[in-house]
Amino acid sequence: MTKKYAPATNRNRQPILEILEQIIPDKGNILEIASGTGEHSLFFAPHFPEQKWIPSDKQSECIASINAWKEDCPTENIEVPLCIDVIKKLWHQPLLSRGIKVIICINMIHISPWSAYLGLVKGAKEILPINGLVYLYGPYKINNQHTALSNQEFDRYLQTQDGTWGVRNWEDIESIANDNNFVLENKITMPANNFSLILRKSS
Ligand SMILES: C[S@@+](CC[C@H](N)C(=O)[O-])C[C@H]1O[C@@H](n2cnc3c(N)ncnc32)[C@H](O)[C@@H]1O
């Protein structure tokens, strides 16, 4: 099995962990959407040893890499990674009985079509109980304005890669969340012009 590497995970994992440790409740399992290489799963899961960490991605090479990194985990709580594409209808159905209280999605929403965010929130609404959380991490625009020149340049780059990708506006994130019974409970400025957005299911 081949391990993939994403150097950014080494830079952002500690600041993200500090947020996760504040928001993740003591009980309930954690679903990670778009786990990518699996390096984040390996780093985060041992900090929540009593809870199951369920990694996933839509790409088979990522599933192989997550499996490879999982071998190094000092705790037993990383579950077999799932092949999940949040654009697909009913992706959430096999997860309804997995006791998931938190869904984490790091750096996916700008590197996928808008329909991926729509699918993520619709599925999260079905999976999570009231008070369940969705944690989003990445760059966002505020009032359609970039928060840094580097994000603007990154946005342009993303759109040259795929016209459906791009840095999203956080008011749009909030509006879709509200339509699906989530409230934007907190938005936290993170290093390197990123943000943590925390959505809580309200009803
Ligand atoms: C930039 S990588 C981020 C990976 C990891 N979260 C990290 O921060 O290193 C984006 C990931 O999103 C995944 N992805 C893109 N579209 C997706 C979708 N529709 N459903 C699930 N995963 C998706 C890709 O396969 C890729 O692994």
# chains A, B, ... in the order shown; residues from 1 in each chain; ligands from 1
>>> closest_atom_pairs(of="range 124-179 of chain A", to="range 185-197 of chain A", cutoff="6 Å", atoms="only C-alpha atoms", output="tab-separated table")
residue	atom	partner	partner_atom	distance
A:Tyr135	CA	A:Leu197	CA	6.0
A:Leu136	CA	A:Leu197	CA	5.1
A:Tyr137	CA	A:Ser196	CA	4.6
A:Gly138	CA	A:Asn194	CA	5.1
A:Pro139	CA	A:Asn194	CA	4.4
>>> write_last_selection(atoms="C-alpha atoms", output="mmCIF file, in the first residue's frame")
data_model
loop_
_atom_site.group_PDB
_atom_site.id
_atom_site.type_symbol
_atom_site.label_atom_id
_atom_site.label_comp_id
_atom_site.auth_asym_id
_atom_site.auth_seq_id
_atom_site.Cartn_x
_atom_site.Cartn_y
_atom_site.Cartn_z
ATOM 1 C CA TYR A 135 -16.431 21.319 11.119
ATOM 2 C CA LEU A 136 -15.166 22.971 7.913
ATOM 3 C CA TYR A 137 -11.622 24.201 7.333
ATOM 4 C CA GLY A 138 -10.215 26.130 4.401
ATOM 5 C CA PRO A 139 -9.976 29.568 2.786
#
>>> residues_near_ligand(ligand="ligand 1", cutoff="7 Å", atoms="only C-alpha atoms and all ligand atoms", output="PDB file with N, CA and C atoms, in the first residue's frame")
ATOM      1  N   ALA A   6       0.839  14.980   1.910  1.00  0.00           N
ATOM      2  CA  ALA A   6       0.384  16.352   1.630  1.00  0.00           C
ATOM      3  C   ALA A   6       1.058  17.247   2.671  1.00  0.00           C
ATOM      4  N   ALA A   8       1.007  20.227   3.514  1.00  0.00           N
ATOM      5  CA  ALA A   8       0.194  21.209   4.266  1.00  0.00           C
ATOM      6  C   ALA A   8      -0.378  20.598   5.539  1.00  0.00           C
ATOM      7  N   THR A   9      -0.584  19.288   5.549  1.00  0.00           N
ATOM      8  CA  THR A   9      -1.180  18.678   6.752  1.00  0.00           C
ATOM      9  C   THR A   9      -0.268  18.849   7.962  1.00  0.00           C
ATOM     10  N   ILE A  33     -14.822  13.531   6.112  1.00  0.00           N
ATOM     11  CA  ILE A  33     -15.077  13.535   4.664  1.00  0.00           C
ATOM     12  C   ILE A  33     -13.832  14.080   3.968  1.00  0.00           C
ATOM     13  N   ALA A  34     -13.465  13.479   2.827  1.00  0.00           N
ATOM     14  CA  ALA A  34     -12.311  13.945   2.045  1.00  0.00           C
ATOM     15  C   ALA A  34     -11.019  13.870   2.855  1.00  0.00           C
ATOM     16  N   SER A  35     -10.727  12.706   3.396  1.00  0.00           N
ATOM     17  CA  SER A  35      -9.528  12.538   4.237  1.00  0.00           C
ATOM     18  C   SER A  35      -8.232  12.670   3.453  1.00  0.00           C
ATOM     19  N   GLY A  36      -8.287  12.570   2.141  1.00  0.00           N
ATOM     20  CA  GLY A  36      -7.073  12.746   1.324  1.00  0.00           C
ATOM     21  C   GLY A  36      -6.053  11.658   1.613  1.00  0.00           C
ATOM     22  N   THR A  37      -4.835  12.086   2.015  1.00  0.00           N
ATOM     23  CA  THR A  37      -3.762  11.111   2.239  1.00  0.00           C
ATOM     24  C   THR A  37      -4.026  10.190   3.435  1.00  0.00           C
ATOM     25  N   HIS A  40      -4.047  13.364   8.301  1.00  0.00           N
ATOM     26  CA  HIS A  40      -4.833  14.016   9.359  1.00  0.00           C
ATOM     27  C   HIS A  40      -5.492  12.968  10.252  1.00  0.00           C
ATOM     28  N   ASP A  57     -12.869   9.031   1.526  1.00  0.00           N
ATOM     29  CA  ASP A  57     -12.526   9.883   0.377  1.00  0.00           C
ATOM     30  C   ASP A  57     -13.229   9.297  -0.846  1.00  0.00           C
ATOM     31  N   LYS A  58     -13.291  10.102  -1.904  1.00  0.00           N
ATOM     32  CA  LYS A  58     -13.931   9.582  -3.123  1.00  0.00           C
ATOM     33  C   LYS A  58     -12.931   8.865  -4.032  1.00  0.00           C
ATOM     34  N   GLN A  59     -11.630   9.073  -3.780  1.00  0.00           N
ATOM     35  CA  GLN A  59     -10.621   8.496  -4.697  1.00  0.00           C
ATOM     36  C   GLN A  59     -10.021   7.215  -4.118  1.00  0.00           C
ATOM     37  N   CYS A  62      -6.620   7.477  -2.545  1.00  0.00           N
ATOM     38  CA  CYS A  62      -6.654   8.038  -1.185  1.00  0.00           C
ATOM     39  C   CYS A  62      -7.041   6.954  -0.182  1.00  0.00           C
ATOM     40  N   ILE A  84     -16.452   7.490  -0.192  1.00  0.00           N
ATOM     41  CA  ILE A  84     -17.631   8.369  -0.170  1.00  0.00           C
ATOM     42  C   ILE A  84     -17.401   9.536  -1.118  1.00  0.00           C
ATOM     43  N   ASP A  85     -18.356   9.714  -2.015  1.00  0.00           N
ATOM     44  CA  ASP A  85     -18.405  10.910  -2.861  1.00  0.00           C
ATOM     45  C   ASP A  85     -19.668  11.657  -2.460  1.00  0.00           C
ATOM     46  N   VAL A  86     -19.506  12.807  -1.839  1.00  0.00           N
ATOM     47  CA  VAL A  86     -20.670  13.510  -1.274  1.00  0.00           C
ATOM     48  C   VAL A  86     -21.589  14.097  -2.346  1.00  0.00           C
ATOM     49  N   ILE A  87     -21.152  14.033  -3.601  1.00  0.00           N
ATOM     50  CA  ILE A  87     -22.049  14.495  -4.671  1.00  0.00           C
ATOM     51  C   ILE A  87     -23.086  13.411  -4.983  1.00  0.00           C
ATOM     52  N   CYS A 105     -14.545  18.202   7.620  1.00  0.00           N
ATOM     53  CA  CYS A 105     -14.214  18.274   6.194  1.00  0.00           C
ATOM     54  C   CYS A 105     -13.191  19.385   5.999  1.00  0.00           C
ATOM     55  N   ILE A 106     -11.974  18.982   5.725  1.00  0.00           N
ATOM     56  CA  ILE A 106     -10.846  19.919   5.649  1.00  0.00           C
ATOM     57  C   ILE A 106     -10.417  20.076   4.185  1.00  0.00           C
ATOM     58  N   ASN A 107     -10.397  21.310   3.739  1.00  0.00           N
ATOM     59  CA  ASN A 107      -9.857  21.633   2.406  1.00  0.00           C
ATOM     60  C   ASN A 107     -10.485  20.837   1.266  1.00  0.00           C
ATOM     61  N   MET A 108     -11.790  20.677   1.286  1.00  0.00           N
ATOM     62  CA  MET A 108     -12.464  20.058   0.139  1.00  0.00           C
ATOM     63  C   MET A 108     -13.340  21.034  -0.633  1.00  0.00           C
ATOM     64  N   ILE A 111     -12.043  22.769  -3.566  1.00  0.00           N
ATOM     65  CA  ILE A 111     -11.398  21.912  -4.574  1.00  0.00           C
ATOM     66  C   ILE A 111     -12.413  20.872  -5.040  1.00  0.00           C
ATOM     67  N   SER A 112     -13.631  21.315  -5.228  1.00  0.00           N
ATOM     68  CA  SER A 112     -14.719  20.455  -5.707  1.00  0.00           C
ATOM     69  C   SER A 112     -15.829  21.394  -6.164  1.00  0.00           C
ATOM     70  N   ALA A 116     -20.714  19.649  -4.226  1.00  0.00           N
ATOM     71  CA  ALA A 116     -20.119  18.819  -3.166  1.00  0.00           C
ATOM     72  C   ALA A 116     -20.495  19.399  -1.801  1.00  0.00           C
TER      73      ALA A 116
END
>>> select_by_dssp(residues="chain A", states="strand (DSSP E or B)", output="PyMOL selection string")
chain A and resi 29-33+53-54+56-57+78+82-83+100-106+133-138+140-142+145+168-169+182-190+194-201
>>> atom_distance(atom1="CA of Ile104 in chain A", atom2="CA of Ile30 in chain A")
7.4 Å
>>> closest_residue(among="A:Thr2, A:Ser203, A:Asn151, A:Asn180", to="Gly166 in chain A", atoms="only C-alpha atoms")
A:Asn151
>>> atom_distance(atom1="CA of Ile198 in chain A", atom2="CA of Asp162 in chain A")
26.9 Å
>>> closest_residue(among="A:Lys201, A:Arg156, A:Lys4, A:His92", to="Ala68 in chain A", atoms="only C-alpha atoms")
A:Lys4
>>> select_by_dssp(residues="range 28-89 of chain A", states="helix (DSSP H, G or I)", output="number ranges by chain")
A: 39-47, 60-70
>>> residues_around(residues="Lys141 in chain A", least_positions_apart="4", cutoff="6 Å", atoms="only C-alpha atoms", output="list of chain:residue names")
A:Gln145, A:His146, A:Arg168, A:Asn169, A:Trp170
>>> closest_residue(among="A:Thr164, A:Thr75, A:Gln51, A:Asn143", to="Ser115 in chain A", atoms="only C-alpha atoms")
A:Thr164
>>> residues_around(residues="Leu95 in chain A", least_positions_apart="4", cutoff="12 Å", atoms="only C-alpha atoms", output="PyMOL selection string")
chain A and resi 29-32+54+56+82-84+90-91+99-101+103+123-128
>>> write_last_selection(atoms="C-alpha atoms", output="PDB file, in the first residue's frame")
ATOM      1  CA  ASN A  29     -18.098   8.937  16.511  1.00  0.00           C
ATOM      2  CA  ILE A  30     -16.371  11.233  14.051  1.00  0.00           C
ATOM      3  CA  LEU A  31     -16.755  11.034  10.274  1.00  0.00           C
ATOM      4  CA  GLU A  32     -14.022  12.646   8.203  1.00  0.00           C
ATOM      5  CA  ILE A  54     -14.188   7.101  10.306  1.00  0.00           C
ATOM      6  CA  SER A  56     -13.311   8.542   3.818  1.00  0.00           C
ATOM      7  CA  LEU A  82     -14.999   4.437   3.286  1.00  0.00           C
ATOM      8  CA  CYS A  83     -15.285   5.365  -0.360  1.00  0.00           C
ATOM      9  CA  ILE A  84     -17.631   8.369  -0.170  1.00  0.00           C
ATOM     10  CA  LEU A  90     -27.834   8.817  -0.683  1.00  0.00           C
ATOM     11  CA  TRP A  91     -24.105   8.698   0.196  1.00  0.00           C
ATOM     12  CA  GLY A  99     -23.330   6.842  16.018  1.00  0.00           C
ATOM     13  CA  ILE A 100     -21.736   9.854  14.305  1.00  0.00           C
ATOM     14  CA  LYS A 101     -21.914  13.157  16.212  1.00  0.00           C
ATOM     15  CA  ILE A 103     -18.431  15.487  10.609  1.00  0.00           C
ATOM     16  CA  GLY A 123     -26.091  14.239   4.037  1.00  0.00           C
ATOM     17  CA  ALA A 124     -24.930  15.733   7.349  1.00  0.00           C
ATOM     18  CA  LYS A 125     -28.511  16.772   8.101  1.00  0.00           C
ATOM     19  CA  GLU A 126     -29.587  13.131   7.771  1.00  0.00           C
ATOM     20  CA  ILE A 127     -26.659  11.611   9.679  1.00  0.00           C
ATOM     21  CA  LEU A 128     -26.283  13.946  12.648  1.00  0.00           C
TER      22      LEU A 128
END
>>> closest_residue(among="A:Val134, A:Pro74, A:Gln93, A:Trp69", to="Leu120 in chain A", atoms="only C-alpha atoms")
A:Val134
